[in-house]
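Novice: So here's coords-v1.txt, just compact mmCIF, C-alpha atoms and all ligand atoms:
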# COMPACT_ATOMS: atom_id res chain seq x y z
CA MET L 1 87.86 110.78 118.21
CA THR L 2 86.58 110.42 114.67
CA PHE L 3 88.46 112.03 111.80
CA ARG L 4 86.52 112.81 108.64
CA LEU L 5 88.25 112.69 105.28
CA ALA L 6 86.55 113.71 102.02
CA HIS L 7 87.74 112.19 98.74
CA LEU L 8 87.00 113.65 95.33
CA SER L 9 88.64 113.14 91.99
CA ASP L 10 88.73 114.02 88.31
CA VAL L 11 87.59 117.61 88.64
CA HIS L 12 88.25 118.37 84.94
CA LEU L 13 87.70 122.07 85.53
CA PRO L 14 85.85 123.69 82.61
CA PHE L 15 88.09 126.16 80.77
CA GLN L 16 88.23 128.68 77.92
CA LEU L 17 90.93 128.56 75.25
CA THR L 18 92.70 131.92 75.01
CA ASN L 19 95.76 131.04 72.94
CA PRO L 20 95.17 128.58 70.02
CA TRP L 21 98.95 128.39 69.34
CA LEU L 22 99.27 126.25 72.47
CA LEU L 23 97.28 123.51 70.69
CA LEU L 24 100.09 122.73 68.24
CA ASN L 25 100.91 119.43 69.95
CA LYS L 26 99.03 116.57 71.62
CA ARG L 27 96.76 119.15 73.23
CA LEU L 28 94.85 119.56 69.95
CA ILE L 29 93.25 116.11 70.26
CA GLY L 30 92.45 116.73 73.93
CA PHE L 31 90.91 120.09 73.08
CA LEU L 32 88.70 118.58 70.35
CA SER L 33 87.53 115.94 72.82
CA TRP L 34 86.76 118.75 75.28
CA ARG L 35 85.03 120.92 72.66
CA PHE L 36 82.75 118.24 71.24
CA LYS L 37 82.20 115.90 74.19
CA ARG L 38 83.66 116.61 77.62
CA ARG L 39 82.44 120.18 78.04
CA HIS L 40 78.87 118.84 77.98
CA ILE L 41 79.70 116.40 80.79
CA HIS L 42 81.96 118.31 83.19
CA LEU L 43 80.03 121.33 84.43
CA SER L 44 81.07 124.19 86.67
CA GLN L 45 77.52 124.22 88.13
CA VAL L 46 78.12 120.69 89.42
CA LEU L 47 81.41 121.75 91.03
CA ASP L 48 79.67 124.74 92.62
CA ALA L 49 77.05 122.42 94.14
CA LEU L 50 79.77 120.04 95.34
CA ALA L 51 81.69 122.88 97.01
CA ILE L 52 78.53 123.99 98.85
CA ASP L 53 77.81 120.44 100.01
CA LEU L 54 81.42 119.89 101.08
CA LYS L 55 81.37 123.07 103.15
CA SER L 56 78.19 121.90 104.90
CA ILE L 57 79.80 118.50 105.65
CA LYS L 58 82.89 120.23 107.13
CA PRO L 59 85.44 117.37 106.75
CA ASP L 60 88.66 117.55 108.77
CA HIS L 61 90.62 117.11 105.55
CA THR L 62 89.92 116.76 101.82
CA VAL L 63 91.91 114.86 99.18
CA ILE L 64 91.72 115.07 95.39
CA THR L 65 93.18 112.25 93.30
CA GLY L 66 94.07 114.07 90.12
CA ASP L 67 92.79 115.19 86.72
CA ILE L 68 92.11 118.63 88.08
CA VAL L 69 92.58 120.14 84.61
CA ASN L 70 92.18 118.84 81.05
CA ILE L 71 94.99 119.57 78.58
CA SER L 72 97.64 121.14 80.86
CA LEU L 73 97.39 124.71 79.57
CA PRO L 74 99.23 127.24 81.74
CA THR L 75 95.92 129.12 82.15
CA GLU L 76 94.29 125.94 83.42
CA TYR L 77 96.92 125.49 86.16
CA ARG L 78 96.41 129.11 87.27
CA GLN L 79 92.63 128.78 87.20
CA ALA L 80 92.87 125.51 89.15
CA ALA L 81 95.12 127.13 91.77
CA LEU L 82 92.37 129.69 92.40
CA TRP L 83 89.71 126.97 92.52
CA LEU L 84 91.75 124.93 95.02
CA LYS L 85 92.30 128.01 97.19
CA GLU L 86 88.56 128.67 97.20
CA LEU L 87 87.83 125.05 98.13
CA SER L 88 90.16 124.84 101.13
CA ASP L 89 93.46 125.99 102.56
CA THR L 90 96.70 124.06 102.10
CA GLU L 91 96.58 122.64 105.64
CA HIS L 92 93.24 120.93 104.98
CA LEU L 93 93.59 119.86 101.34
CA SER L 94 95.98 117.37 99.73
CA ILE L 95 96.16 116.48 96.06
CA VAL L 96 98.00 114.23 93.64
CA PRO L 97 98.22 114.82 89.87
CA GLY L 98 96.48 112.77 87.19
CA ASN L 99 97.34 112.14 83.55
CA HIS L 100 95.44 115.25 82.43
CA ASP L 101 97.56 117.32 84.84
CA ALA L 102 100.67 116.12 82.97
CA TYR L 103 99.12 115.96 79.50
CA VAL L 104 102.26 117.49 77.99
CA ASN L 105 105.49 118.71 79.59
CA VAL L 106 105.00 122.09 81.26
CA ARG L 107 107.62 124.00 83.25
CA PRO L 108 106.90 123.48 86.98
CA ASP L 109 106.63 127.22 87.65
CA ARG L 110 103.84 127.44 85.03
CA GLY L 111 102.33 124.03 85.82
CA LEU L 112 102.25 121.57 88.71
CA GLY L 113 104.51 123.80 90.81
CA LEU L 114 101.55 126.18 91.25
CA TRP L 115 99.80 123.45 93.28
CA GLN L 116 102.88 122.57 95.29
CA PRO L 117 101.51 123.76 98.70
CA TYR L 118 98.91 120.95 98.53
CA MET L 119 101.63 118.32 97.93
CA ASN L 120 104.26 119.31 100.50
CA ASN L 121 105.47 117.00 103.24
CA GLU L 122 105.55 119.99 105.54
CA PRO L 123 105.03 123.73 104.95
CA GLY L 124 108.05 125.18 103.17
CA ASP L 125 109.11 121.96 101.50
CA THR L 126 109.82 122.27 97.82
CA LEU L 127 108.26 119.67 95.59
CA VAL L 128 108.42 120.81 91.99
CA ASN L 129 109.69 117.69 90.28
CA ILE L 130 107.07 115.00 89.79
CA MET L 131 109.77 112.40 90.45
CA ASP L 132 110.04 113.65 94.06
CA PHE L 133 106.89 111.84 95.09
CA PRO L 134 105.70 110.27 97.38
CA TYR L 135 104.93 112.88 100.00
CA VAL L 136 103.64 112.11 103.49
CA ARG L 137 101.30 114.45 105.34
CA TYR L 138 100.19 113.74 108.90
CA ARG L 139 96.73 114.97 109.84
CA GLY L 140 95.05 113.79 113.07
CA PRO L 141 95.24 109.98 113.16
CA ILE L 142 95.97 109.59 109.45
CA ALA L 143 99.13 109.54 107.36
CA ILE L 144 98.38 110.60 103.78
CA ILE L 145 100.86 109.14 101.30
CA GLY L 146 100.60 110.91 97.95
CA LEU L 147 101.90 109.13 94.84
CA SER L 148 102.19 110.48 91.32
CA THR L 149 101.22 108.23 88.43
CA ALA L 150 101.14 111.23 86.10
CA CYS L 151 103.63 111.62 83.29
CA PRO L 152 103.29 112.74 79.67
CA VAL L 153 102.45 109.74 77.47
CA PRO L 154 101.99 109.35 73.69
CA LEU L 155 98.88 110.42 71.87
CA PHE L 156 95.82 108.19 72.50
CA SER L 157 97.36 106.78 75.67
CA ALA L 158 96.23 107.69 79.18
CA ALA L 159 98.57 105.30 80.97
CA GLY L 160 100.19 105.95 84.33
CA TYR L 161 103.64 105.16 85.68
CA LEU L 162 105.06 105.19 89.21
CA GLY L 163 108.66 104.25 88.45
CA ASP L 164 111.20 102.27 90.47
CA LYS L 165 112.40 105.24 92.51
CA GLN L 166 108.95 106.13 93.75
CA ILE L 167 108.11 102.51 94.57
CA GLN L 168 111.37 102.17 96.53
CA LYS L 169 110.56 105.34 98.47
CA LEU L 170 107.07 104.00 99.19
CA ASP L 171 108.61 100.77 100.49
CA HIS L 172 110.86 102.82 102.80
CA ILE L 173 107.99 105.04 104.03
CA LEU L 174 105.81 102.05 104.84
CA THR L 175 108.71 100.45 106.72
CA THR L 176 108.76 103.46 109.05
CA LEU L 177 104.98 103.92 109.53
CA ASN L 178 103.24 101.85 112.19
CA LYS L 179 99.62 101.00 111.48
CA ARG L 180 98.76 101.30 115.18
CA ASP L 181 100.00 104.91 115.18
CA HIS L 182 98.58 106.01 111.85
CA CYS L 183 95.75 105.06 109.56
CA ARG L 184 97.81 104.85 106.35
CA ILE L 185 96.00 106.14 103.29
CA ILE L 186 97.52 106.12 99.81
CA LEU L 187 96.39 108.60 97.15
CA MET L 188 97.04 107.80 93.50
CA HIS L 189 95.29 108.76 90.28
CA HIS L 190 95.45 105.51 88.29
CA PRO L 191 93.89 102.43 89.92
CA PRO L 192 96.39 99.69 90.84
CA PHE L 193 94.58 96.91 88.97
CA ALA L 194 94.43 95.73 85.38
CA SER L 195 91.41 95.97 83.15
CA ASP L 196 91.06 94.52 79.66
CA ARG L 197 88.64 97.32 78.77
CA HIS L 198 91.08 100.02 79.80
CA ARG L 199 94.51 98.71 78.74
CA ARG L 200 95.64 101.98 77.16
CA LYS L 201 94.58 103.82 80.32
CA GLN L 202 96.10 101.64 83.00
CA LEU L 203 99.01 101.84 85.38
CA ARG L 204 102.12 100.28 83.85
CA ASP L 205 103.79 99.08 87.07
CA ILE L 206 100.92 97.45 88.91
CA ASN L 207 102.91 94.42 90.11
CA PRO L 208 105.81 96.24 91.81
CA PHE L 209 103.26 98.45 93.58
CA THR L 210 101.04 95.58 94.76
CA ASN L 211 104.17 93.73 95.96
CA VAL L 212 104.93 96.63 98.32
CA ILE L 213 101.31 96.68 99.54
CA SER L 214 101.33 92.90 100.05
CA LYS L 215 104.50 93.30 102.14
CA HIS L 216 103.44 96.22 104.38
CA GLY L 217 99.70 96.71 103.93
CA VAL L 218 97.96 100.08 104.27
CA GLU L 219 94.48 100.90 105.52
CA LEU L 220 93.05 102.45 102.33
CA ILE L 221 94.06 103.15 98.74
CA LEU L 222 92.05 105.94 97.09
CA HIS L 223 92.12 106.59 93.35
CA GLY L 224 90.25 108.19 90.45
CA HIS L 225 90.80 108.06 86.65
CA LEU L 226 87.98 105.65 85.69
CA HIS L 227 85.15 108.13 86.38
CA ILE L 228 83.11 105.37 87.99
CA PRO L 229 82.78 104.22 91.60
CA SER L 230 84.72 101.01 92.26
CA LEU L 231 85.72 98.81 95.18
CA ARG L 232 88.58 96.35 94.77
CA SER L 233 91.16 94.87 97.12
CA ILE L 234 94.82 93.86 97.38
CA GLU L 235 95.95 91.14 99.77
CA GLY L 236 98.04 92.68 102.54
CA PRO L 237 99.96 91.00 105.39
CA ASP L 238 97.04 91.42 107.84
CA GLY L 239 94.09 90.97 105.48
CA VAL L 240 92.72 92.67 102.42
CA VAL L 241 93.44 96.32 101.64
CA ALA L 242 90.45 98.21 100.22
CA VAL L 243 91.06 100.04 96.94
CA ILE L 244 88.30 102.60 96.38
CA GLY L 245 87.64 104.71 93.31
CA VAL L 246 85.17 107.55 92.93
CA SER L 247 83.28 109.17 90.03
CA SER L 248 84.36 112.41 88.41
CA ALA L 249 83.56 115.33 90.73
CA SER L 250 82.20 117.48 87.90
CA ALA L 251 80.19 114.88 85.93
CA SER L 252 76.59 115.76 85.27
CA HIS L 253 74.01 113.10 84.44
CA HIS L 254 74.30 113.94 80.77
CA ASN L 255 75.56 110.94 78.83
CA HIS L 256 78.34 109.94 81.22
CA LYS L 257 79.30 106.72 82.99
CA SER L 258 78.36 107.90 86.44
CA PRO L 259 77.15 111.23 87.87
CA SER L 260 79.34 113.13 90.28
CA ARG L 261 80.06 111.55 93.64
CA TYR L 262 82.42 112.11 96.47
CA HIS L 263 83.09 110.01 99.54
CA VAL L 264 83.39 110.98 103.19
CA TYR L 265 85.39 108.57 105.36
CA SER L 266 84.82 108.71 109.14
CA ILE L 267 87.94 107.13 110.65
CA ALA L 268 88.04 105.99 114.27
CA LYS L 269 90.75 104.08 116.10
CA GLN L 270 89.44 101.20 118.20
CA PRO L 271 91.35 98.85 120.54
CA SER L 272 91.52 96.10 117.91
CA GLY L 273 91.91 98.16 114.74
CA TRP L 274 90.56 100.96 112.55
CA LEU L 275 86.85 101.41 111.87
CA ILE L 276 86.20 103.35 108.66
CA THR L 277 82.65 104.31 107.76
CA THR L 278 82.18 105.53 104.21
CA GLU L 279 79.36 107.86 103.23
CA ILE L 280 78.68 108.22 99.51
CA ARG L 281 77.50 111.71 98.48
CA GLU L 282 75.91 111.74 95.02
CA LEU L 283 74.69 114.46 92.68
CA ASP L 284 70.94 114.87 92.26
CA HIS L 285 69.73 117.23 89.54
CA THR L 286 66.13 117.87 90.57
CA PRO L 287 64.97 120.53 91.12
CA SER L 288 68.51 121.92 90.92
CA PHE L 289 72.00 120.49 91.40
CA HIS L 290 72.53 119.29 94.98
CA TYR L 291 74.10 116.32 96.74
CA LYS L 292 72.43 113.64 98.83
CA LYS L 293 73.53 110.60 100.78
CA ALA L 294 73.56 107.61 98.39
CA GLY L 295 74.98 104.90 100.63
CA LEU L 296 76.94 104.01 103.71
CA PHE L 297 79.30 101.10 104.38
CA ASP L 298 81.76 100.11 107.09
CA LEU L 299 85.28 98.75 106.80
CA THR L 300 86.83 97.15 109.86
CA ILE L 301 90.59 96.85 109.61
CA PRO L 302 92.18 94.78 112.40
CA PHE L 303 95.70 95.61 113.58
CA SER L 304 96.65 91.99 112.95
CA ARG L 305 95.00 88.75 111.92
CA ASP L 306 95.10 87.55 115.57
CA THR L 307 93.14 90.46 117.06
FE FE S 1 89.73 111.91 84.51
FE FE S 2 92.80 110.21 84.37
Written as structure tokens, how would this file's structure read?

Specialist:
Amino acid sequence: MTFRLAHLSDVHLPFQLTNPWLLLNKRLIGFLSWRFKRRHIHLSQVLDALAIDLKSIKPDHTVITGDIVNISLPTEYRQAALWLKELSDTEHLSIVPGNHDAYVNVRPDRGLGLWQPYMNNEPGDTLVNIMDFPYVRYRGPIAIIGLSTACPVPLFSAAGYLGDKQIQKLDHILTTLNKRDHCRIILMHHPPFASDRHRRKQLRDINPFTNVISKHGVELILHGHLHIPSLRSIEGPDGVVAVIGVSSASASHHNHKSPSRYHVYSIAKQPSGWLITTEIRELDHTPSFHYKKAGLFDLTIPFSRDT
């Protein structure tokens, strides 16, 4: 049986400002960036085309690795909740927050709590405090482990932070999950590697995280944040762990690093390990916005170095 998982990220849903008083904090800078730059890049027409393509692909599950909104306005969280509901139901969609989803502190019942059903361990669980991550959701052969790197940070920073508690919980979760039973897939917004170009944007606790991965391994780590496709790796106990980033889901071709892409992973368990085939779906703008296959690559993940 093959399980198909779609990964998109950095939705940056276009929005309208209805209450200027809410800009009297860090949001003002984010709004000016949106007004003069980002609104020309992140287009609702692109997201509409992506939703149509995703529905034609019919994945078994979809994941979104954060930056669903822009400056954490209460209206943005409500609008995003409607957009998520339109995209898929809570059983078939899992998300983690990004730095733009925690741009400033917002009460959970007006903010991230509205997206809680996509971040529950099981239906009915309550996850309203961003320090309660990670969650684990089991779907078919996969175990989705959702981490939060999102926390309010000072102006002009877009850094991420996992924190000791979350890393300890991850260590415990990976102690209990067997790679022969589940294809273990981590979701996180910030990539777990350093970059000189992006120091103010990077994850602050990369080393404690990679130490846990080196100890237990996982089958895939999916992230967003950089708005470009990327493929890196972390050395795990049974070989390298692929770390895969994807472009912004809403990015048009206009003056941005990379046009919209999303990835579809076909995951099959074989006697010696997991076979994961990745299809890249990329935005094409002629004659109108639509998506096309832009590449295909296989990852073979053995259960152990001996097999
Ligand atoms: Fe982003
Ligand atoms: Fe981000």

Novice: With all atoms listed in the file as the basis for distance, which of L:Ile276, L:Ile173, L:Ile57, L:Ala150 is at the shortest distance from ligand FE 2 (chain S)?

Specialist: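 Closest residue, counting all atoms listed in the file: L:Ala150.
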
Novice: Atom CA of Leu87 of chain L to atom CA of Lys201 of chain L: how many Å, to one decimal?

Specialist: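 Between these atoms lies a distance of 28.5 Å.
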
Novice: Let me see if you get this right: every residue at most 6 Å from ligand FE 1 (chain S), counting all atoms listed in the file, written as a compact mmCIF listing (two decimals) with C-alpha atoms, keeping the file's coordinate frame.

Specialist:
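File written: selection_24.txt
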# COMPACT_ATOMS: atom_id res chain seq x y z
CA ASP L 10 88.73 114.02 88.31
CA ASP L 67 92.79 115.19 86.72
CA HIS L 225 90.80 108.06 86.65

Novice: Using all atoms listed in the file, can you tell me which of L:Ala81, L:Val106, L:Leu174, L:Leu28 comes closest to Ile145 of chain L?

Specialist: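 Counting all atoms listed in the file, the residue closest to Ile145 of chain L is L:Leu174.
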
Novice: Once you count all atoms listed in the file, which residues end up within 12 Å of ligand FE 2 (chain S), and could you hand them over as a ChimeraX atom specification?

Specialist: /L:9-12,65-71,96-103,148-153,157-160,188-191,198,200-203,223-228,245-248

Novice: Under the rule that only C-alpha atoms are counted, which of L:Leu54, L:Ile95, L:Leu5, L:Leu24 is the nearest residue to Arg139 of chain L?

Specialist: L:Leu5

Novice: Kindly indicate which residue among L:Ala80, L:Tyr265, L:Val240, L:Ala251 lies nearest to Ile301 of chain L, using only C-alpha atoms for the distances.

Specialist: L:Val240

Novice: Of the candidates L:Ile29, L:Leu299, L:Ile186, L:Ala6, which one gets nearest to Asp53 of chain L if we count all atoms listed in the file?

Specialist: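 Once distances to Asp53 of chain L are computed over all atoms listed in the file, the minimum belongs to L:Ala6.
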
Novice: So, with all atoms listed in the file as the atoms that count, which of L:Leu22, L:Ala249, L:Ile185, L:Leu47 lies closest to Arg137 of chain L?

Specialist: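 Of L:Leu22, L:Ala249, L:Ile185, L:Leu47, the one nearest Arg137 of chain L is L:Ile185, counting all atoms listed in the file.
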
Novice: Applying 7 Å and all atoms listed in the file, which residues near Ser94 of chain L remain after dropping the ones on its own chain fewer than 4 positions away? List them as a PyMOL selection string.

Specialist: chain L and resi 62-64+118-119

Novice: Taking (91.4, 104.7, 113.8) in the file's coordinates, which residues come within 12 Å, counting all atoms listed in the file, written as a ChimeraX atom specification?

Specialist: /L:1-4,140-143,179-185,219-220,265-277,299-303

Novice: Just to confirm, what's the straight-line distance from atom CA of Asp109 of chain L to atom CA of Pro74 of chain L in Å (one decimal)?

Specialist: 9.5 Å

Novice: By how many Å are atom CA of Pro208 of chain L and atom CA of Ile167 of chain L apart?

Specialist: 7.2 Å

Novice: Skipping near chain neighbours, those fewer than 2 positions away, what residues fall within 10 Å of Asp238 of chain L using all atoms listed in the file, listed as an mmCIF file with C-alpha atoms, in the coordinates of the input?

Specialist:
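See around20.cif below for the written result:
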data_model
loop_
_atom_site.group_PDB
_atom_site.id
_atom_site.type_symbol
_atom_site.label_atom_id
_atom_site.label_comp_id
_atom_site.auth_asym_id
_atom_site.auth_seq_id
_atom_site.Cartn_x
_atom_site.Cartn_y
_atom_site.Cartn_z
ATOM 1 C CA SER L 214 101.330 92.900 100.050
ATOM 2 C CA LYS L 215 104.500 93.300 102.140
ATOM 3 C CA HIS L 216 103.440 96.220 104.380
ATOM 4 C CA GLY L 217 99.700 96.710 103.930
ATOM 5 C CA VAL L 218 97.960 100.080 104.270
ATOM 6 C CA GLU L 235 95.950 91.140 99.770
ATOM 7 C CA GLY L 236 98.040 92.680 102.540
ATOM 8 C CA VAL L 240 92.720 92.670 102.420
ATOM 9 C CA VAL L 241 93.440 96.320 101.640
ATOM 10 C CA ILE L 301 90.590 96.850 109.610
ATOM 11 C CA PRO L 302 92.180 94.780 112.400
ATOM 12 C CA PHE L 303 95.700 95.610 113.580
ATOM 13 C CA SER L 304 96.650 91.990 112.950
ATOM 14 C CA ARG L 305 95.000 88.750 111.920
ATOM 15 C CA ASP L 306 95.100 87.550 115.570
#
